[in-house]
>>> print(open('work_26.cif').read())   # mmCIF, N, CA and C atoms
data_protein
#
loop_
_atom_site.label_atom_id
_atom_site.label_comp_id
_atom_site.auth_asym_id
_atom_site.auth_seq_id
_atom_site.Cartn_x
_atom_site.Cartn_y
_atom_site.Cartn_z
N MET A 652 107.35 142.09 140.20
CA MET A 652 107.15 141.21 139.08
C MET A 652 106.02 140.25 139.43
N SER A 653 105.01 140.19 138.59
CA SER A 653 103.89 139.31 138.86
C SER A 653 104.11 137.97 138.15
N ALA A 654 103.64 136.95 138.79
CA ALA A 654 103.80 135.61 138.21
C ALA A 654 102.75 135.40 137.14
N GLN A 655 103.18 135.02 135.98
CA GLN A 655 102.29 134.72 134.87
C GLN A 655 102.05 133.22 134.84
N PRO A 656 100.80 132.81 134.72
CA PRO A 656 100.57 131.37 134.60
C PRO A 656 101.20 130.85 133.31
N VAL A 657 101.80 129.71 133.40
CA VAL A 657 102.40 129.10 132.23
C VAL A 657 101.36 128.19 131.60
N THR A 658 101.10 128.45 130.36
CA THR A 658 100.16 127.60 129.64
C THR A 658 100.90 126.93 128.50
N SER A 659 100.67 125.69 128.35
CA SER A 659 101.25 124.99 127.21
C SER A 659 100.12 124.64 126.27
N PRO A 660 100.40 124.70 124.98
CA PRO A 660 99.33 124.38 124.04
C PRO A 660 98.89 122.93 124.21
N LEU A 661 97.59 122.72 124.04
CA LEU A 661 97.08 121.36 124.10
C LEU A 661 97.59 120.58 122.90
N PRO A 662 97.97 119.34 123.11
CA PRO A 662 98.42 118.55 121.96
C PRO A 662 97.27 118.32 121.00
N GLU A 663 97.59 118.29 119.72
CA GLU A 663 96.55 118.00 118.74
C GLU A 663 96.22 116.53 118.75
N ALA A 664 94.98 116.24 118.45
CA ALA A 664 94.57 114.84 118.33
C ALA A 664 95.28 114.24 117.13
N PRO A 665 95.58 112.97 117.20
CA PRO A 665 96.27 112.35 116.07
C PRO A 665 95.36 112.28 114.86
N ASP A 666 95.95 112.37 113.68
CA ASP A 666 95.20 112.19 112.45
C ASP A 666 94.95 110.69 112.28
N LEU A 667 93.71 110.28 112.38
CA LEU A 667 93.37 108.86 112.32
C LEU A 667 93.75 108.22 110.99
N SER A 668 93.65 108.98 109.92
CA SER A 668 94.02 108.45 108.61
C SER A 668 95.50 108.08 108.59
N ALA A 669 96.34 108.96 109.11
CA ALA A 669 97.78 108.68 109.14
C ALA A 669 98.08 107.47 110.02
N LEU A 670 97.37 107.36 111.15
CA LEU A 670 97.59 106.21 112.02
C LEU A 670 97.15 104.91 111.35
N LEU A 671 96.05 104.96 110.59
CA LEU A 671 95.59 103.76 109.89
C LEU A 671 96.58 103.35 108.82
N VAL A 672 97.09 104.31 108.07
CA VAL A 672 98.08 104.01 107.04
C VAL A 672 99.33 103.41 107.68
N ASP A 673 99.76 103.96 108.82
CA ASP A 673 100.92 103.40 109.53
C ASP A 673 100.68 101.95 109.93
N ALA A 674 99.48 101.65 110.45
CA ALA A 674 99.17 100.29 110.87
C ALA A 674 99.18 99.34 109.68
N VAL A 675 98.59 99.75 108.57
CA VAL A 675 98.56 98.90 107.37
C VAL A 675 99.98 98.70 106.84
N THR A 676 100.77 99.76 106.83
CA THR A 676 102.15 99.67 106.36
C THR A 676 102.96 98.70 107.21
N THR A 677 102.74 98.75 108.52
CA THR A 677 103.45 97.85 109.43
C THR A 677 103.15 96.39 109.13
N LEU A 678 101.92 96.11 108.73
CA LEU A 678 101.51 94.73 108.47
C LEU A 678 101.60 94.33 106.99
N ALA A 679 102.09 95.23 106.15
CA ALA A 679 102.10 94.98 104.71
C ALA A 679 102.90 93.75 104.32
N ALA A 680 104.06 93.55 104.91
CA ALA A 680 104.90 92.40 104.54
C ALA A 680 104.19 91.09 104.88
N ALA A 681 103.59 91.03 106.07
CA ALA A 681 102.87 89.81 106.48
C ALA A 681 101.67 89.57 105.57
N ALA A 682 100.96 90.64 105.21
CA ALA A 682 99.81 90.50 104.31
C ALA A 682 100.26 90.02 102.93
N CYS A 683 101.37 90.53 102.48
CA CYS A 683 101.90 90.13 101.17
C CYS A 683 102.29 88.65 101.18
N ARG A 684 102.95 88.20 102.25
CA ARG A 684 103.32 86.79 102.35
C ARG A 684 102.10 85.87 102.29
N ARG A 685 100.96 86.36 102.78
CA ARG A 685 99.72 85.56 102.77
C ARG A 685 98.86 85.86 101.54
N SER A 686 99.38 86.67 100.62
CA SER A 686 98.68 87.02 99.37
C SER A 686 97.33 87.67 99.62
N LEU A 687 97.26 88.51 100.67
CA LEU A 687 96.04 89.27 100.93
C LEU A 687 96.09 90.55 100.12
N LEU A 688 94.95 90.99 99.65
CA LEU A 688 94.86 92.19 98.83
C LEU A 688 94.18 93.30 99.63
N PHE A 689 94.95 94.25 100.13
CA PHE A 689 94.41 95.34 100.94
C PHE A 689 94.12 96.55 100.07
N SER A 690 92.98 97.20 100.32
CA SER A 690 92.70 98.51 99.74
C SER A 690 92.31 99.43 100.89
N VAL A 691 92.68 100.70 100.78
CA VAL A 691 92.40 101.67 101.84
C VAL A 691 91.76 102.90 101.20
N ASP A 692 90.61 103.28 101.71
CA ASP A 692 89.88 104.47 101.24
C ASP A 692 89.77 105.42 102.42
N LEU A 693 90.37 106.61 102.28
CA LEU A 693 90.42 107.58 103.37
C LEU A 693 89.68 108.85 103.01
N ASP A 694 89.11 109.49 104.02
CA ASP A 694 88.46 110.79 103.88
C ASP A 694 89.51 111.81 103.44
N ASP A 695 89.11 112.81 102.68
CA ASP A 695 90.05 113.84 102.23
C ASP A 695 90.51 114.75 103.36
N GLU A 696 89.68 114.93 104.37
CA GLU A 696 90.02 115.82 105.48
C GLU A 696 90.63 115.01 106.62
N PRO A 697 91.53 115.64 107.39
CA PRO A 697 92.06 114.94 108.57
C PRO A 697 90.92 114.59 109.53
N LEU A 698 90.96 113.41 110.07
CA LEU A 698 89.95 112.96 111.02
C LEU A 698 90.62 112.73 112.36
N ASP A 699 89.98 113.22 113.40
CA ASP A 699 90.52 112.99 114.73
C ASP A 699 89.39 112.76 115.72
N LEU A 700 89.75 112.19 116.83
CA LEU A 700 88.82 111.90 117.92
C LEU A 700 89.53 112.22 119.23
N PRO A 701 88.75 112.39 120.30
CA PRO A 701 89.40 112.64 121.58
C PRO A 701 89.92 111.33 122.19
N LEU A 702 90.82 110.67 121.45
CA LEU A 702 91.43 109.42 121.89
C LEU A 702 92.94 109.56 121.79
N PRO A 703 93.67 108.99 122.71
CA PRO A 703 95.12 108.96 122.53
C PRO A 703 95.49 108.02 121.38
N SER A 704 96.61 108.29 120.75
CA SER A 704 97.07 107.44 119.65
C SER A 704 97.15 105.98 120.09
N ALA A 705 97.60 105.73 121.32
CA ALA A 705 97.76 104.36 121.80
C ALA A 705 96.41 103.64 121.86
N ALA A 706 95.35 104.35 122.24
CA ALA A 706 94.03 103.73 122.30
C ALA A 706 93.55 103.35 120.91
N TRP A 707 93.74 104.24 119.95
CA TRP A 707 93.36 103.96 118.56
C TRP A 707 94.15 102.75 118.06
N HIS A 708 95.44 102.75 118.33
CA HIS A 708 96.31 101.64 117.94
C HIS A 708 95.82 100.33 118.55
N ASP A 709 95.45 100.36 119.83
CA ASP A 709 95.00 99.15 120.52
C ASP A 709 93.67 98.61 120.00
N LEU A 710 92.89 99.47 119.34
CA LEU A 710 91.64 99.02 118.75
C LEU A 710 91.84 98.51 117.32
N VAL A 711 92.63 99.22 116.54
CA VAL A 711 92.74 98.93 115.11
C VAL A 711 93.71 97.79 114.82
N VAL A 712 94.86 97.81 115.44
CA VAL A 712 95.88 96.82 115.11
C VAL A 712 95.42 95.38 115.35
N PRO A 713 94.74 95.06 116.46
CA PRO A 713 94.30 93.67 116.62
C PRO A 713 93.35 93.20 115.51
N VAL A 714 92.51 94.09 115.00
CA VAL A 714 91.62 93.72 113.91
C VAL A 714 92.44 93.39 112.66
N LEU A 715 93.44 94.22 112.37
CA LEU A 715 94.27 93.98 111.19
C LEU A 715 95.14 92.73 111.36
N VAL A 716 95.71 92.56 112.54
CA VAL A 716 96.54 91.38 112.80
C VAL A 716 95.72 90.11 112.65
N ARG A 717 94.51 90.13 113.20
CA ARG A 717 93.65 88.94 113.09
C ARG A 717 93.30 88.65 111.63
N ALA A 718 93.02 89.70 110.87
CA ALA A 718 92.71 89.51 109.45
C ALA A 718 93.90 88.88 108.72
N VAL A 719 95.09 89.42 108.95
CA VAL A 719 96.29 88.90 108.28
C VAL A 719 96.56 87.46 108.69
N ALA A 720 96.34 87.15 109.97
CA ALA A 720 96.65 85.80 110.47
C ALA A 720 95.63 84.74 110.07
N THR A 721 94.37 85.13 109.86
CA THR A 721 93.33 84.11 109.71
C THR A 721 92.69 84.03 108.33
N LEU A 722 92.79 85.07 107.54
CA LEU A 722 92.11 85.03 106.24
C LEU A 722 92.89 84.19 105.24
N PRO A 723 92.19 83.46 104.38
CA PRO A 723 92.89 82.63 103.40
C PRO A 723 93.57 83.48 102.33
N PRO A 724 94.62 82.93 101.72
CA PRO A 724 95.31 83.66 100.64
C PRO A 724 94.32 84.09 99.55
N GLY A 725 94.59 85.27 99.00
CA GLY A 725 93.75 85.81 97.94
C GLY A 725 92.56 86.61 98.42
N THR A 726 92.35 86.66 99.74
CA THR A 726 91.22 87.42 100.29
C THR A 726 91.45 88.91 100.08
N GLU A 727 90.40 89.59 99.70
CA GLU A 727 90.44 91.05 99.58
C GLU A 727 89.98 91.65 100.90
N VAL A 728 90.73 92.64 101.37
CA VAL A 728 90.41 93.33 102.61
C VAL A 728 90.29 94.81 102.27
N ALA A 729 89.11 95.37 102.49
CA ALA A 729 88.86 96.78 102.18
C ALA A 729 88.70 97.56 103.48
N LEU A 730 89.55 98.56 103.65
CA LEU A 730 89.47 99.43 104.81
C LEU A 730 88.99 100.80 104.35
N SER A 731 88.09 101.39 105.12
CA SER A 731 87.69 102.76 104.83
C SER A 731 87.58 103.51 106.14
N LEU A 732 87.91 104.78 106.09
CA LEU A 732 87.83 105.66 107.24
C LEU A 732 87.28 106.98 106.76
N GLY A 733 86.16 107.40 107.34
CA GLY A 733 85.57 108.65 106.90
C GLY A 733 84.56 109.21 107.88
N ARG A 734 84.10 110.40 107.56
CA ARG A 734 83.10 111.09 108.36
C ARG A 734 81.82 111.14 107.54
N HIS A 735 80.71 110.72 108.17
CA HIS A 735 79.42 110.76 107.49
C HIS A 735 78.33 110.80 108.55
N ALA A 736 77.37 111.66 108.35
CA ALA A 736 76.19 111.75 109.22
C ALA A 736 76.58 111.92 110.69
N GLY A 737 77.59 112.75 110.94
CA GLY A 737 77.97 113.04 112.31
C GLY A 737 78.79 111.97 113.00
N LEU A 738 79.27 110.99 112.23
CA LEU A 738 80.07 109.91 112.80
C LEU A 738 81.38 109.75 112.04
N VAL A 739 82.42 109.37 112.78
CA VAL A 739 83.66 108.89 112.16
C VAL A 739 83.55 107.38 112.18
N THR A 740 83.71 106.77 111.01
CA THR A 740 83.55 105.32 110.90
C THR A 740 84.79 104.69 110.27
N LEU A 741 85.30 103.68 110.97
CA LEU A 741 86.32 102.81 110.41
C LEU A 741 85.63 101.51 110.04
N ARG A 742 85.76 101.12 108.79
CA ARG A 742 85.10 99.90 108.31
C ARG A 742 86.14 98.98 107.71
N LEU A 743 86.15 97.74 108.15
CA LEU A 743 87.01 96.72 107.58
C LEU A 743 86.11 95.62 107.06
N GLY A 744 86.15 95.41 105.77
CA GLY A 744 85.37 94.34 105.16
C GLY A 744 86.30 93.38 104.45
N ASP A 745 85.95 92.12 104.44
CA ASP A 745 86.78 91.15 103.73
C ASP A 745 85.90 90.20 102.92
N THR A 746 86.53 89.54 101.97
CA THR A 746 85.83 88.56 101.13
C THR A 746 86.18 87.14 101.56
N GLY A 747 86.55 86.99 102.83
CA GLY A 747 86.91 85.68 103.36
C GLY A 747 85.70 84.79 103.54
N PRO A 748 85.91 83.66 104.20
CA PRO A 748 84.84 82.68 104.34
C PRO A 748 83.76 83.06 105.34
N GLY A 749 83.94 84.15 106.07
CA GLY A 749 82.99 84.49 107.12
C GLY A 749 83.25 83.58 108.31
N VAL A 750 82.81 83.99 109.47
CA VAL A 750 83.02 83.21 110.68
C VAL A 750 81.72 83.11 111.45
N ALA A 751 81.68 82.18 112.37
CA ALA A 751 80.48 82.04 113.21
C ALA A 751 80.30 83.29 114.03
N PRO A 752 79.07 83.73 114.28
CA PRO A 752 78.83 84.96 115.03
C PRO A 752 79.58 85.04 116.36
N ALA A 753 79.76 83.94 117.05
CA ALA A 753 80.46 83.98 118.34
C ALA A 753 81.90 84.41 118.18
N GLY A 754 82.51 84.18 117.01
CA GLY A 754 83.90 84.55 116.80
C GLY A 754 84.09 85.73 115.89
N SER A 755 83.04 86.51 115.68
CA SER A 755 83.08 87.54 114.64
C SER A 755 83.39 88.94 115.14
N ASP A 756 84.00 89.07 116.30
CA ASP A 756 84.25 90.40 116.83
C ASP A 756 85.48 91.06 116.23
N GLY A 757 86.20 90.37 115.36
CA GLY A 757 87.37 90.96 114.73
C GLY A 757 88.52 91.15 115.70
N GLY A 758 88.50 90.50 116.83
CA GLY A 758 89.57 90.64 117.82
C GLY A 758 89.30 91.72 118.83
N LEU A 759 88.12 92.30 118.81
CA LEU A 759 87.76 93.38 119.73
C LEU A 759 86.64 92.93 120.65
N THR A 760 86.48 93.67 121.72
CA THR A 760 85.29 93.48 122.54
C THR A 760 84.46 94.74 122.47
N ARG A 761 83.18 94.58 122.49
CA ARG A 761 82.26 95.71 122.47
C ARG A 761 82.55 96.65 123.65
N GLU A 762 82.87 96.05 124.80
CA GLU A 762 83.13 96.85 126.00
C GLU A 762 84.35 97.75 125.81
N ALA A 763 85.41 97.24 125.16
CA ALA A 763 86.62 98.04 124.94
C ALA A 763 86.33 99.24 124.05
N VAL A 764 85.54 99.02 123.01
CA VAL A 764 85.19 100.11 122.09
C VAL A 764 84.28 101.12 122.79
N GLU A 765 83.27 100.63 123.50
CA GLU A 765 82.34 101.54 124.19
C GLU A 765 83.02 102.31 125.30
N ALA A 766 84.02 101.72 125.95
CA ALA A 766 84.75 102.44 127.00
C ALA A 766 85.47 103.66 126.44
N LEU A 767 85.74 103.65 125.14
CA LEU A 767 86.39 104.78 124.48
C LEU A 767 85.38 105.64 123.71
N GLY A 768 84.10 105.47 124.03
CA GLY A 768 83.07 106.32 123.44
C GLY A 768 82.59 105.89 122.07
N GLY A 769 82.98 104.71 121.62
CA GLY A 769 82.60 104.25 120.29
C GLY A 769 81.58 103.14 120.32
N ARG A 770 81.27 102.67 119.13
CA ARG A 770 80.35 101.54 118.96
C ARG A 770 80.99 100.56 118.00
N LEU A 771 80.71 99.28 118.24
CA LEU A 771 81.21 98.21 117.40
C LEU A 771 80.03 97.49 116.78
N HIS A 772 80.10 97.30 115.47
CA HIS A 772 79.06 96.54 114.78
C HIS A 772 79.77 95.54 113.87
N VAL A 773 79.38 94.28 113.97
CA VAL A 773 80.00 93.23 113.16
C VAL A 773 78.92 92.50 112.38
N THR A 774 79.20 92.29 111.11
CA THR A 774 78.34 91.48 110.26
C THR A 774 79.22 90.37 109.70
N SER A 775 78.76 89.15 109.83
CA SER A 775 79.52 88.01 109.34
C SER A 775 78.56 87.06 108.63
N VAL A 776 78.88 86.75 107.39
CA VAL A 776 78.04 85.84 106.61
C VAL A 776 78.94 84.73 106.08
N ALA A 777 78.66 83.51 106.52
CA ALA A 777 79.45 82.36 106.07
C ALA A 777 79.47 82.30 104.55
N GLY A 778 80.66 82.16 103.99
CA GLY A 778 80.83 82.08 102.55
C GLY A 778 80.87 83.41 101.84
N VAL A 779 80.63 84.51 102.57
CA VAL A 779 80.61 85.85 101.96
C VAL A 779 81.69 86.74 102.53
N GLY A 780 81.87 86.74 103.85
CA GLY A 780 82.90 87.56 104.47
C GLY A 780 82.41 88.25 105.72
N ASN A 781 83.25 89.12 106.22
CA ASN A 781 82.99 89.85 107.46
C ASN A 781 83.07 91.35 107.22
N VAL A 782 82.32 92.08 108.04
CA VAL A 782 82.45 93.53 108.07
C VAL A 782 82.50 93.93 109.54
N VAL A 783 83.56 94.65 109.91
CA VAL A 783 83.71 95.17 111.26
C VAL A 783 83.66 96.69 111.14
N GLU A 784 82.73 97.33 111.85
CA GLU A 784 82.62 98.78 111.83
C GLU A 784 82.80 99.33 113.23
N LEU A 785 83.67 100.33 113.34
CA LEU A 785 83.87 101.08 114.57
C LEU A 785 83.40 102.50 114.30
N THR A 786 82.53 103.04 115.15
CA THR A 786 82.04 104.40 114.94
C THR A 786 82.15 105.22 116.21
N TRP A 787 82.38 106.53 116.02
CA TRP A 787 82.42 107.50 117.11
C TRP A 787 81.73 108.78 116.64
N PRO A 788 81.16 109.54 117.58
CA PRO A 788 80.65 110.86 117.20
C PRO A 788 81.81 111.71 116.67
N ALA A 789 81.56 112.42 115.58
CA ALA A 789 82.61 113.22 114.94
C ALA A 789 82.60 114.64 115.48
N ALA A 790 83.76 115.26 115.45
CA ALA A 790 83.86 116.70 115.70
C ALA A 790 83.37 117.40 114.43
N ALA A 791 83.05 118.66 114.53
CA ALA A 791 82.66 119.41 113.35
C ALA A 791 83.81 119.41 112.36
N PRO A 792 83.55 119.34 111.05
CA PRO A 792 84.63 119.34 110.06
C PRO A 792 85.56 120.53 110.28
N GLY A 793 86.84 120.27 110.22
CA GLY A 793 87.84 121.33 110.40
C GLY A 793 88.14 121.64 111.85
N ARG A 794 87.39 121.07 112.78
CA ARG A 794 87.63 121.33 114.20
C ARG A 794 88.38 120.15 114.78
N HIS A 795 89.50 120.42 115.39
CA HIS A 795 90.32 119.36 115.95
C HIS A 795 90.12 119.27 117.43
N LEU A 796 89.92 118.07 117.92
CA LEU A 796 89.76 117.82 119.35
C LEU A 796 91.13 117.50 119.93
N SER A 797 91.28 117.76 121.20
CA SER A 797 92.55 117.47 121.86
C SER A 797 92.61 116.03 122.32
N VAL A 798 93.80 115.50 122.32
CA VAL A 798 94.02 114.15 122.81
C VAL A 798 93.73 114.13 124.30
N VAL A 799 93.03 113.11 124.75
CA VAL A 799 92.70 112.99 126.16
C VAL A 799 93.89 112.47 126.91
#
>>> encode(input="work_26.cif", output="structure tokens")
Amino acid sequence: MSAQPVTSPLPEAPDLSALLVDAVTTLAAAACRRSLLFSVDLDDEPLDLPLPSAAWHDLVVPVLVRAVATLPPGTEVALSLGRHAGLVTLRLGDTGPGVAPAGSDGGLTREAVEALGGRLHVTSVAGVGNVVELTWPAAAPGRHLSVV
């Protein structure tokens, strides 16, 4: 009898859209208490990256928690997640008062995002609002990468 190598299937990368919806759902009650108006726009296709779910969670949740904790009542918060021009982009924009550039990282550090292969771009305009964008190189449409 010859020994056959045992192979286990590689785990699928998490669907980023589902993880984003879970994060927003988790914070929905707190956002409602602060009268924040969230909208979420998701790509039609599943989006994944070679990141563990925990890493995605550690990047996204602090941005959402900070928005819920600091934005004034009535602020609109627009989240979008999609694939365009070879990138997967998560964008969080708000109609809040904007913050000084030194405090405009959305609760993230550029180093933390870059350590996971992404890029962080923040735009903040006093009196207009903030935009936090996280981008990563995308896999080909329909191709799923394995969780690292």
>>> resolve_selection(input="work_26.cif", expression="the PyMOL selection byres ((chain A and resi 732-739) around 7)", output="VMD selection string")
chain A and resid 668 691 to 695 730 to 731 740 to 742 785 to 790
>>> residues_near_point(input="work_26.cif", point="(96.6, 100.2, 112.9)", cutoff="8 Å", atoms="only N, CA and C atoms", output="mmCIF file with N, CA and C atoms, in the coordinates of the input")
data_model
loop_
_atom_site.group_PDB
_atom_site.id
_atom_site.type_symbol
_atom_site.label_atom_id
_atom_site.label_comp_id
_atom_site.auth_asym_id
_atom_site.auth_seq_id
_atom_site.Cartn_x
_atom_site.Cartn_y
_atom_site.Cartn_z
ATOM 1 N N ALA A 669 96.340 108.960 109.110
ATOM 2 C CA ALA A 669 97.780 108.680 109.140
ATOM 3 C C ALA A 669 98.080 107.470 110.020
ATOM 4 N N LEU A 670 97.370 107.360 111.150
ATOM 5 C CA LEU A 670 97.590 106.210 112.020
ATOM 6 C C LEU A 670 97.150 104.910 111.350
ATOM 7 N N LEU A 671 96.050 104.960 110.590
ATOM 8 C CA LEU A 671 95.590 103.760 109.890
ATOM 9 C C LEU A 671 96.580 103.350 108.820
ATOM 10 N N VAL A 672 97.090 104.310 108.070
ATOM 11 C CA VAL A 672 98.080 104.010 107.040
ATOM 12 C C VAL A 672 99.330 103.410 107.680
ATOM 13 N N ASP A 673 99.760 103.960 108.820
ATOM 14 C CA ASP A 673 100.920 103.400 109.530
ATOM 15 C C ASP A 673 100.680 101.950 109.930
ATOM 16 N N ALA A 674 99.480 101.650 110.450
ATOM 17 C CA ALA A 674 99.170 100.290 110.870
ATOM 18 C C ALA A 674 99.180 99.340 109.680
ATOM 19 N N VAL A 675 98.590 99.750 108.570
ATOM 20 C CA VAL A 675 98.560 98.900 107.370
ATOM 21 C C VAL A 675 99.980 98.700 106.840
ATOM 22 N N THR A 676 100.770 99.760 106.830
ATOM 23 C CA THR A 676 102.150 99.670 106.360
ATOM 24 C C THR A 676 102.960 98.700 107.210
ATOM 25 N N THR A 677 102.740 98.750 108.520
ATOM 26 C CA THR A 677 103.450 97.850 109.430
ATOM 27 C C THR A 677 103.150 96.390 109.130
ATOM 28 N N LEU A 678 101.920 96.110 108.730
ATOM 29 C CA LEU A 678 101.510 94.730 108.470
ATOM 30 C C LEU A 678 101.600 94.330 106.990
ATOM 31 N N TRP A 707 93.740 104.240 119.950
ATOM 32 C CA TRP A 707 93.360 103.960 118.560
ATOM 33 C C TRP A 707 94.150 102.750 118.060
ATOM 34 N N HIS A 708 95.440 102.750 118.330
ATOM 35 C CA HIS A 708 96.310 101.640 117.940
ATOM 36 C C HIS A 708 95.820 100.330 118.550
ATOM 37 N N ASP A 709 95.450 100.360 119.830
ATOM 38 C CA ASP A 709 95.000 99.150 120.520
ATOM 39 C C ASP A 709 93.670 98.610 120.000
ATOM 40 N N LEU A 710 92.890 99.470 119.340
ATOM 41 C CA LEU A 710 91.640 99.020 118.750
ATOM 42 C C LEU A 710 91.840 98.510 117.320
ATOM 43 N N VAL A 711 92.630 99.220 116.540
ATOM 44 C CA VAL A 711 92.740 98.930 115.110
ATOM 45 C C VAL A 711 93.710 97.790 114.820
ATOM 46 N N VAL A 712 94.860 97.810 115.440
ATOM 47 C CA VAL A 712 95.880 96.820 115.110
ATOM 48 C C VAL A 712 95.420 95.380 115.350
ATOM 49 N N PRO A 713 94.740 95.060 116.460
ATOM 50 C CA PRO A 713 94.300 93.670 116.620
ATOM 51 C C PRO A 713 93.350 93.200 115.510
ATOM 52 N N VAL A 714 92.510 94.090 115.000
ATOM 53 C CA VAL A 714 91.620 93.720 113.910
ATOM 54 C C VAL A 714 92.440 93.390 112.660
ATOM 55 N N LEU A 715 93.440 94.220 112.370
ATOM 56 C CA LEU A 715 94.270 93.980 111.190
ATOM 57 C C LEU A 715 95.140 92.730 111.360
ATOM 58 N N VAL A 716 95.710 92.560 112.540
ATOM 59 C CA VAL A 716 96.540 91.380 112.800
ATOM 60 C C VAL A 716 95.720 90.110 112.650
#
>>> resolve_selection(input="work_26.cif", expression="the PyMOL selection byres (((chain A and resi 768 and name CA) around 10) and name CA)", output="NGL selection string")
:A and (700-702 or 762-767 or 769-770 or 786-788)
>>> select_by_dssp(input="work_26.cif", residues="stretch 669-796 of chain A", states="alpha helix (DSSP H)", output="PyMOL selection string")
chain A and resi 669-684+704-721+761-766
>>> atom_distance(input="work_26.cif", atom1="atom C of A:Thr746", atom2="atom CA of A:Thr726")
5.2 Å
>>> closest_residue(input="work_26.cif", among="A:Val782, A:Leu698, A:Ala705, A:Leu771", to="A:Gly744", atoms="only C-alpha atoms")
A:Val782
>>> atom_distance(input="work_26.cif", atom1="atom N of A:Ser775", atom2="atom N of A:Gly749")
8.1 Å
>>> closest_residue(input="work_26.cif", among="A:Ser690, A:Ser704, A:Gly747, A:Ala777", to="A:Thr721", atoms="all atoms listed in the file")
A:Gly747
>>> residues_around(input="work_26.cif", residues="A:Pro723", least_positions_apart="3", cutoff="9 Å", atoms="only C-alpha atoms", output="list in words")
Arg685, Ser686, Leu687, Val719, Ala720, Thr726, Gly747 and Pro748 of chain A
>>> atom_distance(input="work_26.cif", atom1="atom CA of A:Leu667", atom2="atom CA of A:Arg717")
19.9 Å
>>> axis_aligned_box(input="work_26.cif", around="stretch 760-764 of chain A", padding_each_side="3 Å", output="AutoDock Vina command-line options")
--center_x 84.4 --center_y 97.3 --center_z 123.9 --size_x 10.4 --size_y 13.6 --size_z 10.3
>>> closest_residue(input="work_26.cif", among="A:Asp666, A:Val750, A:Gly778, A:Cys683", to="A:Pro697", atoms="only C-alpha atoms")
A:Asp666
>>> closest_residue(input="work_26.cif", among="A:Ala679, A:Phe689, A:Asp745, A:Ala706", to="A:Val779", atoms="all atoms listed in the file")
A:Asp745
>>> closest_residue(input="work_26.cif", among="A:Ala680, A:Val776, A:Asn781, A:Arg761", to="A:Ala718", atoms="only C-alpha atoms")
A:Asn781
>>> build_atoms(input="work_26.cif", residues="stretch 670-674 of chain A", atoms="all heavy atoms", output="compact mmCIF listing (two decimals), in the frame of the given file")
# COMPACT_ATOMS: atom_id res chain seq x y z
N LEU A 670 97.37 107.36 111.15
CA LEU A 670 97.59 106.21 112.02
C LEU A 670 97.15 104.91 111.35
O LEU A 670 97.79 103.87 111.51
CB LEU A 670 96.86 106.40 113.34
CG LEU A 670 97.40 107.50 114.25
CD1 LEU A 670 96.49 107.67 115.46
CD2 LEU A 670 98.82 107.21 114.68
N LEU A 671 96.05 104.96 110.59
CA LEU A 671 95.59 103.76 109.89
C LEU A 671 96.58 103.35 108.82
O LEU A 671 96.92 102.17 108.69
CB LEU A 671 94.20 104.00 109.28
CG LEU A 671 93.60 102.82 108.52
CD1 LEU A 671 93.43 101.61 109.43
CD2 LEU A 671 92.26 103.22 107.92
N VAL A 672 97.09 104.31 108.07
CA VAL A 672 98.08 104.01 107.04
C VAL A 672 99.33 103.41 107.68
O VAL A 672 99.90 102.44 107.17
CB VAL A 672 98.41 105.27 106.21
CG1 VAL A 672 99.63 105.05 105.33
CG2 VAL A 672 97.21 105.66 105.35
N ASP A 673 99.76 103.96 108.82
CA ASP A 673 100.92 103.40 109.53
C ASP A 673 100.68 101.95 109.93
O ASP A 673 101.56 101.11 109.79
CB ASP A 673 101.26 104.23 110.77
CG ASP A 673 101.89 105.57 110.45
OD1 ASP A 673 102.32 105.76 109.29
OD2 ASP A 673 101.94 106.42 111.35
N ALA A 674 99.48 101.65 110.45
CA ALA A 674 99.17 100.29 110.87
C ALA A 674 99.18 99.34 109.68
O ALA A 674 99.73 98.23 109.75
CB ALA A 674 97.82 100.25 111.57
